[in-house]
$ cat start_5.cif   # mmCIF, N, CA and C atoms
data_target
loop_
_atom_site.label_atom_id
_atom_site.label_comp_id
_atom_site.auth_asym_id
_atom_site.auth_seq_id
_atom_site.Cartn_x
_atom_site.Cartn_y
_atom_site.Cartn_z
N MET A 1 9.50 13.39 25.62
CA MET A 1 9.52 12.14 24.87
C MET A 1 10.24 12.37 23.55
N THR A 2 11.07 11.44 23.16
CA THR A 2 11.76 11.53 21.88
C THR A 2 10.84 11.04 20.77
N GLU A 3 11.11 11.49 19.57
CA GLU A 3 10.30 11.09 18.42
C GLU A 3 10.52 9.60 18.14
N ALA A 4 9.43 8.88 17.98
CA ALA A 4 9.49 7.44 17.70
C ALA A 4 9.56 7.20 16.20
N SER A 5 10.18 6.12 15.82
CA SER A 5 10.12 5.73 14.41
C SER A 5 8.86 4.90 14.21
N ILE A 6 8.43 4.79 12.97
CA ILE A 6 7.19 4.07 12.67
C ILE A 6 7.49 2.92 11.73
N GLY A 7 6.92 1.79 12.03
CA GLY A 7 6.91 0.65 11.13
C GLY A 7 5.46 0.27 10.91
N LEU A 8 5.14 -0.19 9.74
CA LEU A 8 3.77 -0.60 9.42
C LEU A 8 3.72 -2.12 9.33
N VAL A 9 2.63 -2.70 9.80
CA VAL A 9 2.43 -4.14 9.73
C VAL A 9 1.16 -4.40 8.93
N LEU A 10 1.26 -5.24 7.93
CA LEU A 10 0.11 -5.58 7.10
C LEU A 10 -0.18 -7.07 7.24
N ASP A 11 -1.34 -7.39 7.81
CA ASP A 11 -1.75 -8.79 7.94
C ASP A 11 -2.09 -9.34 6.56
N CYS A 12 -1.72 -10.59 6.31
CA CYS A 12 -1.98 -11.19 5.00
C CYS A 12 -1.96 -12.71 5.11
N ALA A 13 -2.40 -13.37 4.07
CA ALA A 13 -2.40 -14.83 4.02
C ALA A 13 -1.07 -15.38 3.53
N ASP A 14 -0.42 -14.67 2.61
CA ASP A 14 0.81 -15.15 1.99
C ASP A 14 1.83 -14.01 1.89
N PRO A 15 2.63 -13.80 2.94
CA PRO A 15 3.57 -12.68 2.93
C PRO A 15 4.60 -12.73 1.80
N GLU A 16 5.04 -13.92 1.42
CA GLU A 16 6.02 -14.02 0.33
C GLU A 16 5.43 -13.50 -0.98
N ALA A 17 4.22 -13.94 -1.32
CA ALA A 17 3.58 -13.48 -2.55
C ALA A 17 3.28 -11.99 -2.49
N LEU A 18 2.80 -11.52 -1.37
CA LEU A 18 2.46 -10.10 -1.25
C LEU A 18 3.71 -9.22 -1.28
N ALA A 19 4.82 -9.75 -0.79
CA ALA A 19 6.09 -9.01 -0.87
C ALA A 19 6.45 -8.74 -2.32
N GLY A 20 6.18 -9.69 -3.21
CA GLY A 20 6.45 -9.47 -4.63
C GLY A 20 5.67 -8.30 -5.18
N PHE A 21 4.40 -8.17 -4.77
CA PHE A 21 3.60 -7.04 -5.23
C PHE A 21 4.13 -5.73 -4.66
N TRP A 22 4.28 -5.64 -3.33
CA TRP A 22 4.63 -4.36 -2.70
C TRP A 22 6.04 -3.90 -3.04
N THR A 23 6.99 -4.81 -3.26
CA THR A 23 8.33 -4.35 -3.66
C THR A 23 8.26 -3.65 -5.01
N GLN A 24 7.47 -4.17 -5.93
CA GLN A 24 7.32 -3.54 -7.24
C GLN A 24 6.44 -2.30 -7.18
N ALA A 25 5.42 -2.33 -6.33
CA ALA A 25 4.46 -1.23 -6.26
C ALA A 25 5.09 0.04 -5.70
N ILE A 26 5.88 -0.08 -4.63
CA ILE A 26 6.40 1.13 -3.99
C ILE A 26 7.92 1.17 -3.90
N GLY A 27 8.59 0.28 -4.59
CA GLY A 27 10.05 0.36 -4.68
C GLY A 27 10.81 -0.03 -3.42
N MET A 28 10.19 -0.83 -2.56
CA MET A 28 10.88 -1.28 -1.36
C MET A 28 11.68 -2.54 -1.68
N LYS A 29 12.62 -2.84 -0.82
CA LYS A 29 13.47 -4.03 -0.97
C LYS A 29 13.10 -5.05 0.09
N ARG A 30 13.10 -6.30 -0.31
CA ARG A 30 12.86 -7.40 0.64
C ARG A 30 14.13 -7.58 1.46
N ILE A 31 14.04 -7.39 2.76
CA ILE A 31 15.20 -7.48 3.64
C ILE A 31 15.40 -8.91 4.13
N GLY A 32 14.31 -9.60 4.42
CA GLY A 32 14.42 -10.97 4.90
C GLY A 32 13.08 -11.49 5.35
N ALA A 33 13.08 -12.76 5.71
CA ALA A 33 11.87 -13.42 6.17
C ALA A 33 12.22 -14.36 7.32
N ALA A 34 11.28 -14.50 8.23
CA ALA A 34 11.42 -15.45 9.33
C ALA A 34 10.03 -15.87 9.76
N GLY A 35 9.78 -17.16 9.75
CA GLY A 35 8.48 -17.67 10.18
C GLY A 35 7.34 -17.07 9.40
N ASN A 36 6.48 -16.33 10.09
CA ASN A 36 5.29 -15.75 9.49
C ASN A 36 5.50 -14.33 8.96
N TYR A 37 6.74 -13.89 8.82
CA TYR A 37 7.01 -12.49 8.51
C TYR A 37 7.94 -12.32 7.32
N VAL A 38 7.67 -11.26 6.56
CA VAL A 38 8.60 -10.79 5.53
C VAL A 38 8.75 -9.29 5.75
N LEU A 39 10.00 -8.82 5.82
CA LEU A 39 10.27 -7.42 6.09
C LEU A 39 10.73 -6.70 4.82
N LEU A 40 10.09 -5.55 4.56
CA LEU A 40 10.45 -4.71 3.42
C LEU A 40 10.96 -3.37 3.95
N ARG A 41 11.93 -2.79 3.24
CA ARG A 41 12.48 -1.49 3.64
C ARG A 41 12.81 -0.70 2.39
N SER A 42 12.64 0.62 2.48
CA SER A 42 12.98 1.46 1.33
C SER A 42 14.50 1.57 1.22
N PRO A 43 15.04 1.61 0.00
CA PRO A 43 16.49 1.71 -0.16
C PRO A 43 17.09 2.94 0.54
N SER A 44 16.36 4.04 0.57
CA SER A 44 16.87 5.26 1.22
C SER A 44 16.72 5.21 2.73
N GLY A 45 15.83 4.35 3.23
CA GLY A 45 15.56 4.30 4.66
C GLY A 45 14.62 5.40 5.13
N ARG A 46 14.13 6.23 4.22
CA ARG A 46 13.25 7.35 4.60
C ARG A 46 11.82 6.93 4.88
N LEU A 47 11.36 5.85 4.26
CA LEU A 47 9.99 5.39 4.47
C LEU A 47 9.94 4.43 5.66
N PRO A 48 8.78 4.31 6.29
CA PRO A 48 8.64 3.32 7.36
C PRO A 48 8.86 1.91 6.81
N LYS A 49 9.39 1.03 7.63
CA LYS A 49 9.50 -0.37 7.24
C LYS A 49 8.09 -0.94 7.12
N LEU A 50 7.94 -1.92 6.25
CA LEU A 50 6.66 -2.59 6.05
C LEU A 50 6.86 -4.07 6.36
N LEU A 51 6.21 -4.54 7.41
CA LEU A 51 6.28 -5.94 7.80
C LEU A 51 5.02 -6.64 7.35
N LEU A 52 5.16 -7.65 6.52
CA LEU A 52 4.03 -8.46 6.07
C LEU A 52 3.93 -9.65 7.00
N GLN A 53 2.78 -9.79 7.65
CA GLN A 53 2.59 -10.79 8.70
C GLN A 53 1.51 -11.78 8.32
N ARG A 54 1.88 -13.06 8.27
CA ARG A 54 0.90 -14.11 7.96
C ARG A 54 -0.06 -14.26 9.13
N VAL A 55 -1.36 -14.25 8.83
CA VAL A 55 -2.39 -14.51 9.83
C VAL A 55 -3.35 -15.56 9.27
N ASP A 56 -3.97 -16.30 10.15
CA ASP A 56 -4.89 -17.36 9.72
C ASP A 56 -6.25 -16.83 9.29
N GLU A 57 -6.75 -15.81 9.98
CA GLU A 57 -8.08 -15.33 9.68
C GLU A 57 -8.09 -14.51 8.39
N PRO A 58 -9.13 -14.67 7.57
CA PRO A 58 -9.23 -13.91 6.33
C PRO A 58 -9.60 -12.45 6.61
N LYS A 59 -9.32 -11.59 5.66
CA LYS A 59 -9.73 -10.19 5.76
C LYS A 59 -11.25 -10.15 5.82
N ALA A 60 -11.78 -9.40 6.78
CA ALA A 60 -13.23 -9.43 7.01
C ALA A 60 -13.95 -8.16 6.59
N GLY A 61 -13.27 -7.06 6.42
CA GLY A 61 -13.94 -5.80 6.09
C GLY A 61 -12.93 -4.77 5.63
N LYS A 62 -13.37 -3.54 5.59
CA LYS A 62 -12.51 -2.45 5.16
C LYS A 62 -11.38 -2.25 6.16
N ASN A 63 -10.18 -2.00 5.64
CA ASN A 63 -9.05 -1.70 6.52
C ASN A 63 -9.34 -0.44 7.33
N ARG A 64 -8.96 -0.43 8.59
CA ARG A 64 -9.11 0.76 9.44
C ARG A 64 -8.02 1.77 9.13
N MET A 65 -6.90 1.33 8.63
CA MET A 65 -5.81 2.20 8.22
C MET A 65 -5.32 1.70 6.87
N HIS A 66 -4.93 2.64 6.00
CA HIS A 66 -4.46 2.22 4.68
C HIS A 66 -3.32 3.14 4.24
N LEU A 67 -2.62 2.73 3.19
CA LEU A 67 -1.55 3.53 2.61
C LEU A 67 -2.12 4.45 1.55
N ASP A 68 -1.58 5.66 1.45
CA ASP A 68 -1.83 6.57 0.34
C ASP A 68 -0.54 6.67 -0.46
N LEU A 69 -0.59 6.33 -1.72
CA LEU A 69 0.56 6.46 -2.60
C LEU A 69 0.41 7.76 -3.38
N HIS A 70 1.29 8.72 -3.15
CA HIS A 70 1.19 10.04 -3.78
C HIS A 70 1.95 10.04 -5.11
N THR A 71 1.33 10.62 -6.12
CA THR A 71 1.93 10.69 -7.44
C THR A 71 1.32 11.85 -8.22
N PRO A 72 2.09 12.49 -9.09
CA PRO A 72 1.50 13.53 -9.93
C PRO A 72 0.68 12.96 -11.09
N ASP A 73 0.80 11.65 -11.37
CA ASP A 73 0.07 11.01 -12.47
C ASP A 73 -0.78 9.86 -11.92
N VAL A 74 -1.93 10.20 -11.37
CA VAL A 74 -2.80 9.20 -10.74
C VAL A 74 -3.19 8.11 -11.74
N ASP A 75 -3.66 8.48 -12.91
CA ASP A 75 -4.13 7.48 -13.88
C ASP A 75 -3.01 6.56 -14.35
N GLY A 76 -1.84 7.12 -14.59
CA GLY A 76 -0.70 6.31 -15.00
C GLY A 76 -0.26 5.34 -13.92
N GLU A 77 -0.26 5.80 -12.68
CA GLU A 77 0.13 4.93 -11.56
C GLU A 77 -0.91 3.85 -11.32
N VAL A 78 -2.19 4.18 -11.46
CA VAL A 78 -3.25 3.18 -11.32
C VAL A 78 -3.07 2.09 -12.37
N ALA A 79 -2.81 2.47 -13.60
CA ALA A 79 -2.60 1.48 -14.67
C ALA A 79 -1.39 0.60 -14.37
N ARG A 80 -0.29 1.18 -13.89
CA ARG A 80 0.91 0.41 -13.56
C ARG A 80 0.61 -0.59 -12.44
N LEU A 81 -0.10 -0.16 -11.42
CA LEU A 81 -0.42 -1.03 -10.29
C LEU A 81 -1.40 -2.14 -10.69
N GLU A 82 -2.34 -1.82 -11.58
CA GLU A 82 -3.25 -2.86 -12.09
C GLU A 82 -2.46 -3.94 -12.83
N ALA A 83 -1.44 -3.53 -13.57
CA ALA A 83 -0.61 -4.51 -14.28
C ALA A 83 0.18 -5.40 -13.32
N LEU A 84 0.41 -4.91 -12.10
CA LEU A 84 1.12 -5.70 -11.08
C LEU A 84 0.19 -6.61 -10.29
N GLY A 85 -1.14 -6.44 -10.46
CA GLY A 85 -2.08 -7.30 -9.76
C GLY A 85 -3.05 -6.58 -8.84
N ALA A 86 -2.93 -5.26 -8.71
CA ALA A 86 -3.90 -4.50 -7.91
C ALA A 86 -5.19 -4.36 -8.70
N ARG A 87 -6.26 -4.00 -8.00
CA ARG A 87 -7.53 -3.76 -8.69
C ARG A 87 -8.19 -2.53 -8.07
N ARG A 88 -9.01 -1.89 -8.90
CA ARG A 88 -9.80 -0.75 -8.40
C ARG A 88 -10.91 -1.28 -7.50
N VAL A 89 -11.12 -0.61 -6.38
CA VAL A 89 -12.24 -0.94 -5.50
C VAL A 89 -13.47 -0.18 -5.96
N GLU A 90 -13.26 1.02 -6.47
CA GLU A 90 -14.34 1.86 -7.01
C GLU A 90 -13.98 2.22 -8.45
N ALA A 91 -14.94 2.23 -9.32
CA ALA A 91 -14.68 2.48 -10.74
C ALA A 91 -14.18 3.90 -11.00
N ASP A 92 -14.73 4.87 -10.28
CA ASP A 92 -14.40 6.27 -10.54
C ASP A 92 -13.47 6.84 -9.48
N ALA A 93 -12.64 7.79 -9.91
CA ALA A 93 -11.77 8.50 -8.98
C ALA A 93 -12.62 9.44 -8.13
N ARG A 94 -12.10 9.77 -6.97
CA ARG A 94 -12.74 10.76 -6.09
C ARG A 94 -11.92 12.04 -6.14
N THR A 95 -12.59 13.17 -5.92
CA THR A 95 -11.91 14.47 -5.90
C THR A 95 -12.45 15.27 -4.72
N GLU A 96 -11.52 15.84 -3.94
CA GLU A 96 -11.91 16.66 -2.80
C GLU A 96 -10.69 17.47 -2.36
N PHE A 97 -10.91 18.75 -2.02
CA PHE A 97 -9.85 19.62 -1.51
C PHE A 97 -8.61 19.63 -2.41
N ASP A 98 -8.79 19.80 -3.70
CA ASP A 98 -7.69 19.85 -4.67
C ASP A 98 -6.89 18.55 -4.75
N SER A 99 -7.45 17.47 -4.31
CA SER A 99 -6.78 16.18 -4.40
C SER A 99 -7.69 15.21 -5.16
N ARG A 100 -7.08 14.35 -5.94
CA ARG A 100 -7.81 13.33 -6.69
C ARG A 100 -7.21 11.98 -6.33
N TRP A 101 -8.07 10.98 -6.08
CA TRP A 101 -7.53 9.68 -5.73
C TRP A 101 -8.42 8.56 -6.23
N VAL A 102 -7.80 7.38 -6.35
CA VAL A 102 -8.48 6.15 -6.74
C VAL A 102 -8.27 5.14 -5.61
N VAL A 103 -9.36 4.55 -5.15
CA VAL A 103 -9.29 3.53 -4.11
C VAL A 103 -8.99 2.19 -4.80
N MET A 104 -7.94 1.52 -4.32
CA MET A 104 -7.50 0.26 -4.92
C MET A 104 -7.32 -0.79 -3.84
N ALA A 105 -7.06 -2.02 -4.27
CA ALA A 105 -6.76 -3.12 -3.35
C ALA A 105 -5.58 -3.90 -3.90
N ASP A 106 -4.71 -4.37 -3.00
CA ASP A 106 -3.59 -5.20 -3.42
C ASP A 106 -4.13 -6.60 -3.76
N PRO A 107 -3.27 -7.53 -4.19
CA PRO A 107 -3.77 -8.85 -4.60
C PRO A 107 -4.53 -9.62 -3.51
N GLU A 108 -4.34 -9.27 -2.22
CA GLU A 108 -5.08 -9.94 -1.15
C GLU A 108 -6.30 -9.14 -0.68
N GLY A 109 -6.56 -7.99 -1.31
CA GLY A 109 -7.73 -7.21 -0.97
C GLY A 109 -7.50 -6.09 0.03
N ASN A 110 -6.25 -5.84 0.43
CA ASN A 110 -5.96 -4.74 1.35
C ASN A 110 -6.05 -3.42 0.59
N GLU A 111 -6.90 -2.50 1.10
CA GLU A 111 -7.13 -1.23 0.41
C GLU A 111 -5.95 -0.28 0.54
N PHE A 112 -5.76 0.51 -0.50
CA PHE A 112 -4.83 1.63 -0.50
C PHE A 112 -5.34 2.64 -1.51
N CYS A 113 -4.83 3.85 -1.47
CA CYS A 113 -5.26 4.89 -2.41
C CYS A 113 -4.08 5.39 -3.21
N VAL A 114 -4.34 5.69 -4.46
CA VAL A 114 -3.37 6.36 -5.31
C VAL A 114 -3.90 7.78 -5.46
N CYS A 115 -3.13 8.76 -4.98
CA CYS A 115 -3.68 10.11 -4.92
C CYS A 115 -2.67 11.17 -5.35
N SER A 116 -3.25 12.28 -5.81
CA SER A 116 -2.43 13.41 -6.23
C SER A 116 -2.03 14.27 -5.04
N ALA A 117 -2.77 14.21 -3.96
CA ALA A 117 -2.49 14.98 -2.73
C ALA A 117 -2.34 16.46 -3.03
N GLY A 118 -3.12 16.97 -3.99
CA GLY A 118 -3.09 18.38 -4.31
C GLY A 118 -1.94 18.77 -5.23
N GLU A 119 -1.19 17.79 -5.73
CA GLU A 119 -0.08 18.08 -6.63
C GLU A 119 -0.59 18.20 -8.05
N ALA A 120 0.32 18.41 -8.98
CA ALA A 120 -0.03 18.52 -10.40
C ALA A 120 -0.77 17.26 -10.84
N GLY A 121 -1.60 17.38 -11.83
CA GLY A 121 -2.29 16.23 -12.38
C GLY A 121 -3.66 16.00 -11.76
N VAL A 122 -4.13 16.96 -10.97
CA VAL A 122 -5.45 16.81 -10.34
C VAL A 122 -6.51 16.75 -11.40
#
$ encode --input "start_5.cif" --output "C-alpha cells"
Amino acid sequence: MTEASIGLVLDCADPEALAGFWTQAIGMKRIGAAGNYVLLRSPSGRLPKLLLQRVDEPKAGKNRMHLDLHTPDVDGEVARLEALGARRVEADARTEFDSRWVVMADPEGNEFCVCSAGEAGV
C-alpha cells in the first residue's frame, strides 16, 4: 500500500467565521468555499488540509480527536490565541513526560492543545 495523504475535517456551525480564526491561529490560507465547506491549506503544503464543514447539530461533548499546536513558548502562544478568540478549557497547564500543554477551545468550542512537546520552554 502506498502512503496516503491526510486531510482533517472539522465540523462547525459557521465555516466562514471559523476560517477567520484558524487562518490566523495556524497560518493557513483560505483556498475556497463551496456550499457547506471552506478549505484551508498551509502555504508550504506540508501540513494536512483543513476542511471546515457546516453541520446542523451542535457540538455535544469532548472532541474524540483534536489538534496539538507545538511551540517553544506555550504561554505566549496561548495569549496570542486568546486574543484571536480562543479560550482556555482548563485554567492550569498540564505537564507530563517533559511536555507542557494548555487545553483550549476555538470560538465554536472545538478543543485543541498548545504544547511544548518536550521542546524548550517546558
$ closest_residue --input "start_5.cif" --among "A:Lys62, A:Ser5, A:Leu84, A:Glu111" --to "Phe21 of chain A" --atoms "only N, CA and C atoms"
A:Leu84
$ atom_distance --input "start_5.cif" --atom1 "atom N of Asn110 of chain A" --atom2 "atom CA of Ala34 of chain A"
22.0 Å
$ resolve_selection --input "start_5.cif" --expression "the PyMOL selection byres ((chain A and resi 24-32) around 8)" --output "PDB file with N, CA and C atoms, keeping the file's coordinate frame"
ATOM      1  N   LEU A  18       2.800 -11.520  -1.370  1.00  0.00           N
ATOM      2  CA  LEU A  18       2.460 -10.100  -1.250  1.00  0.00           C
ATOM      3  C   LEU A  18       3.710  -9.220  -1.280  1.00  0.00           C
ATOM      4  N   ALA A  19       4.820  -9.750  -0.790  1.00  0.00           N
ATOM      5  CA  ALA A  19       6.090  -9.010  -0.870  1.00  0.00           C
ATOM      6  C   ALA A  19       6.450  -8.740  -2.320  1.00  0.00           C
ATOM      7  N   GLY A  20       6.180  -9.690  -3.210  1.00  0.00           N
ATOM      8  CA  GLY A  20       6.450  -9.470  -4.630  1.00  0.00           C
ATOM      9  C   GLY A  20       5.670  -8.300  -5.180  1.00  0.00           C
ATOM     10  N   PHE A  21       4.400  -8.170  -4.770  1.00  0.00           N
ATOM     11  CA  PHE A  21       3.600  -7.040  -5.230  1.00  0.00           C
ATOM     12  C   PHE A  21       4.130  -5.730  -4.660  1.00  0.00           C
ATOM     13  N   TRP A  22       4.280  -5.640  -3.330  1.00  0.00           N
ATOM     14  CA  TRP A  22       4.630  -4.360  -2.700  1.00  0.00           C
ATOM     15  C   TRP A  22       6.040  -3.900  -3.040  1.00  0.00           C
ATOM     16  N   THR A  23       6.990  -4.810  -3.260  1.00  0.00           N
ATOM     17  CA  THR A  23       8.330  -4.350  -3.660  1.00  0.00           C
ATOM     18  C   THR A  23       8.260  -3.650  -5.010  1.00  0.00           C
ATOM     19  N   ALA A  33      13.080 -12.760   5.710  1.00  0.00           N
ATOM     20  CA  ALA A  33      11.870 -13.420   6.170  1.00  0.00           C
ATOM     21  C   ALA A  33      12.220 -14.360   7.320  1.00  0.00           C
ATOM     22  N   ALA A  34      11.280 -14.500   8.230  1.00  0.00           N
ATOM     23  CA  ALA A  34      11.420 -15.450   9.330  1.00  0.00           C
ATOM     24  C   ALA A  34      10.030 -15.870   9.760  1.00  0.00           C
ATOM     25  N   GLY A  35       9.780 -17.160   9.750  1.00  0.00           N
ATOM     26  CA  GLY A  35       8.480 -17.670  10.180  1.00  0.00           C
ATOM     27  C   GLY A  35       7.340 -17.070   9.400  1.00  0.00           C
ATOM     28  N   TYR A  37       6.740 -13.890   8.820  1.00  0.00           N
ATOM     29  CA  TYR A  37       7.010 -12.490   8.510  1.00  0.00           C
ATOM     30  C   TYR A  37       7.940 -12.320   7.320  1.00  0.00           C
ATOM     31  N   VAL A  38       7.670 -11.260   6.560  1.00  0.00           N
ATOM     32  CA  VAL A  38       8.600 -10.790   5.530  1.00  0.00           C
ATOM     33  C   VAL A  38       8.750  -9.290   5.750  1.00  0.00           C
ATOM     34  N   LEU A  39      10.000  -8.820   5.820  1.00  0.00           N
ATOM     35  CA  LEU A  39      10.270  -7.420   6.090  1.00  0.00           C
ATOM     36  C   LEU A  39      10.730  -6.700   4.820  1.00  0.00           C
ATOM     37  N   LEU A  40      10.090  -5.550   4.560  1.00  0.00           N
ATOM     38  CA  LEU A  40      10.450  -4.710   3.420  1.00  0.00           C
ATOM     39  C   LEU A  40      10.960  -3.370   3.950  1.00  0.00           C
ATOM     40  N   ARG A  41      11.930  -2.790   3.240  1.00  0.00           N
ATOM     41  CA  ARG A  41      12.480  -1.490   3.640  1.00  0.00           C
ATOM     42  C   ARG A  41      12.810  -0.700   2.390  1.00  0.00           C
ATOM     43  N   SER A  42      12.640   0.620   2.480  1.00  0.00           N
ATOM     44  CA  SER A  42      12.980   1.460   1.330  1.00  0.00           C
ATOM     45  C   SER A  42      14.500   1.570   1.220  1.00  0.00           C
ATOM     46  N   PRO A  43      15.040   1.610   0.000  1.00  0.00           N
ATOM     47  CA  PRO A  43      16.490   1.710  -0.160  1.00  0.00           C
ATOM     48  C   PRO A  43      17.090   2.940   0.540  1.00  0.00           C
ATOM     49  N   SER A  44      16.360   4.040   0.570  1.00  0.00           N
ATOM     50  CA  SER A  44      16.870   5.260   1.220  1.00  0.00           C
ATOM     51  C   SER A  44      16.720   5.210   2.730  1.00  0.00           C
ATOM     52  N   ARG A  80      -0.290   1.180 -13.890  1.00  0.00           N
ATOM     53  CA  ARG A  80       0.910   0.410 -13.560  1.00  0.00           C
ATOM     54  C   ARG A  80       0.610  -0.590 -12.440  1.00  0.00           C
ATOM     55  N   LEU A  81      -0.100  -0.160 -11.420  1.00  0.00           N
ATOM     56  CA  LEU A  81      -0.420  -1.030 -10.290  1.00  0.00           C
ATOM     57  C   LEU A  81      -1.400  -2.140 -10.690  1.00  0.00           C
ATOM     58  N   LEU A  84       0.410  -4.910 -12.100  1.00  0.00           N
ATOM     59  CA  LEU A  84       1.120  -5.700 -11.080  1.00  0.00           C
ATOM     60  C   LEU A  84       0.190  -6.610 -10.290  1.00  0.00           C
TER      61      LEU A  84
END
$ residues_near_point --input "start_5.cif" --point "(-1.0, -7.5, 2.6)" --cutoff "8 Å" --atoms "only C-alpha atoms" --output "list in words"
Leu10, Asp11, Cys12, Ala13, Asp14, Pro15, Leu18, Leu52, Gln53, Asp106, Pro107, Glu108, Gly109 and Asn110 of chain A
$ write_last_selection --input "start_5.cif" --atoms "N, CA and C atoms" --output "PDB file, keeping the file's coordinate frame"
ATOM      1  N   LEU A  10       1.260  -5.240   7.930  1.00  0.00           N
ATOM      2  CA  LEU A  10       0.110  -5.580   7.100  1.00  0.00           C
ATOM      3  C   LEU A  10      -0.180  -7.070   7.240  1.00  0.00           C
ATOM      4  N   ASP A  11      -1.340  -7.390   7.810  1.00  0.00           N
ATOM      5  CA  ASP A  11      -1.750  -8.790   7.940  1.00  0.00           C
ATOM      6  C   ASP A  11      -2.090  -9.340   6.560  1.00  0.00           C
ATOM      7  N   CYS A  12      -1.720 -10.590   6.310  1.00  0.00           N
ATOM      8  CA  CYS A  12      -1.980 -11.190   5.000  1.00  0.00           C
ATOM      9  C   CYS A  12      -1.960 -12.710   5.110  1.00  0.00           C
ATOM     10  N   ALA A  13      -2.400 -13.370   4.070  1.00  0.00           N
ATOM     11  CA  ALA A  13      -2.400 -14.830   4.020  1.00  0.00           C
ATOM     12  C   ALA A  13      -1.070 -15.380   3.530  1.00  0.00           C
ATOM     13  N   ASP A  14      -0.420 -14.670   2.610  1.00  0.00           N
ATOM     14  CA  ASP A  14       0.810 -15.150   1.990  1.00  0.00           C
ATOM     15  C   ASP A  14       1.830 -14.010   1.890  1.00  0.00           C
ATOM     16  N   PRO A  15       2.630 -13.800   2.940  1.00  0.00           N
ATOM     17  CA  PRO A  15       3.570 -12.680   2.930  1.00  0.00           C
ATOM     18  C   PRO A  15       4.600 -12.730   1.800  1.00  0.00           C
ATOM     19  N   LEU A  18       2.800 -11.520  -1.370  1.00  0.00           N
ATOM     20  CA  LEU A  18       2.460 -10.100  -1.250  1.00  0.00           C
ATOM     21  C   LEU A  18       3.710  -9.220  -1.280  1.00  0.00           C
ATOM     22  N   LEU A  52       5.160  -7.650   6.520  1.00  0.00           N
ATOM     23  CA  LEU A  52       4.030  -8.460   6.070  1.00  0.00           C
ATOM     24  C   LEU A  52       3.930  -9.650   7.000  1.00  0.00           C
ATOM     25  N   GLN A  53       2.780  -9.790   7.650  1.00  0.00           N
ATOM     26  CA  GLN A  53       2.590 -10.790   8.700  1.00  0.00           C
ATOM     27  C   GLN A  53       1.510 -11.780   8.320  1.00  0.00           C
ATOM     28  N   ASP A 106      -4.710  -4.370  -3.000  1.00  0.00           N
ATOM     29  CA  ASP A 106      -3.590  -5.200  -3.420  1.00  0.00           C
ATOM     30  C   ASP A 106      -4.130  -6.600  -3.760  1.00  0.00           C
ATOM     31  N   PRO A 107      -3.270  -7.530  -4.190  1.00  0.00           N
ATOM     32  CA  PRO A 107      -3.770  -8.850  -4.600  1.00  0.00           C
ATOM     33  C   PRO A 107      -4.530  -9.620  -3.510  1.00  0.00           C
ATOM     34  N   GLU A 108      -4.340  -9.270  -2.220  1.00  0.00           N
ATOM     35  CA  GLU A 108      -5.080  -9.940  -1.150  1.00  0.00           C
ATOM     36  C   GLU A 108      -6.300  -9.140  -0.680  1.00  0.00           C
ATOM     37  N   GLY A 109      -6.560  -7.990  -1.310  1.00  0.00           N
ATOM     38  CA  GLY A 109      -7.730  -7.210  -0.970  1.00  0.00           C
ATOM     39  C   GLY A 109      -7.500  -6.090   0.030  1.00  0.00           C
ATOM     40  N   ASN A 110      -6.250  -5.840   0.430  1.00  0.00           N
ATOM     41  CA  ASN A 110      -5.960  -4.740   1.350  1.00  0.00           C
ATOM     42  C   ASN A 110      -6.050  -3.420   0.590  1.00  0.00           C
TER      43      ASN A 110
END
$ closest_residue --input "start_5.cif" --among "A:Ala17, A:Ala4, A:Ala91, A:Cys115" --to "Thr71 of chain A" --atoms "all atoms listed in the file"
A:Cys115
$ closest_residue --input "start_5.cif" --among "A:Glu96, A:Ala117, A:Gly7, A:Trp101" --to "Gly45 of chain A" --atoms "only C-alpha atoms"
A:Gly7
$ residues_around --input "start_5.cif" --residues "Leu8 of chain A" --least-positions-apart "2" --cutoff "9 Å" --atoms "only C-alpha atoms" --output "CSV table (one decimal) with N, CA and C atoms, in the coordinates of the input"
chain,number,residue,atom,x,y,z
A,6,ILE,N,8.4,4.8,13.0
A,6,ILE,CA,7.2,4.1,12.7
A,6,ILE,C,7.5,2.9,11.7
A,10,LEU,N,1.3,-5.2,7.9
A,10,LEU,CA,0.1,-5.6,7.1
A,10,LEU,C,-0.2,-7.1,7.2
A,48,PRO,N,8.8,4.3,6.3
A,48,PRO,CA,8.6,3.3,7.4
A,48,PRO,C,8.9,1.9,6.8
A,49,LYS,N,9.4,1.0,7.6
A,49,LYS,CA,9.5,-0.4,7.2
A,49,LYS,C,8.1,-0.9,7.1
A,50,LEU,N,7.9,-1.9,6.2
A,50,LEU,CA,6.7,-2.6,6.0
A,50,LEU,C,6.9,-4.1,6.4
A,51,LEU,N,6.2,-4.5,7.4
A,51,LEU,CA,6.3,-5.9,7.8
A,51,LEU,C,5.0,-6.6,7.4
A,52,LEU,N,5.2,-7.6,6.5
A,52,LEU,CA,4.0,-8.5,6.1
A,52,LEU,C,3.9,-9.6,7.0
$ closest_residue --input "start_5.cif" --among "A:Glu16, A:Pro58, A:Ser116, A:Asp92" --to "Pro72 of chain A" --atoms "all atoms listed in the file"
A:Ser116
$ axis_aligned_box --input "start_5.cif" --around "segment 67-73 of chain A" --padding-each-side "5 Å" --output "JSON"
{"center_x": -0.3, "center_y": 8.1, "center_z": -4.6, "size_x": 14.7, "size_y": 20.8, "size_z": 25.7}
$ atom_distance --input "start_5.cif" --atom1 "atom CA of Val78 of chain A" --atom2 "atom CA of Glu57 of chain A"
28.4 Å
$ atom_distance --input "start_5.cif" --atom1 "atom CA of Leu69 of chain A" --atom2 "atom CA of Met104 of chain A"
10.4 Å
$ residues_around --input "start_5.cif" --residues "Ala105 of chain A" --least-positions-apart "6" --cutoff "6 Å" --atoms "all atoms listed in the file" --output "ChimeraX atom specification"
/A:86-89,111-112
$ select_by_dssp --input "start_5.cif" --residues "chain A" --states "helix (DSSP H, G or I)" --output "ChimeraX atom specification"
/A:15-26,74-84
$ closest_residue --input "start_5.cif" --among "A:Glu3, A:Asp56, A:Glu90, A:His70" --to "Val103 of chain A" --atoms "all atoms listed in the file"
A:Glu90
$ select_by_dssp --input "start_5.cif" --residues "chain A" --states "strand (DSSP E)" --output "ChimeraX atom specification"
/A:7-12,29-34,37-41,49-54,67-70,87-88,94-96,99-105,111-115
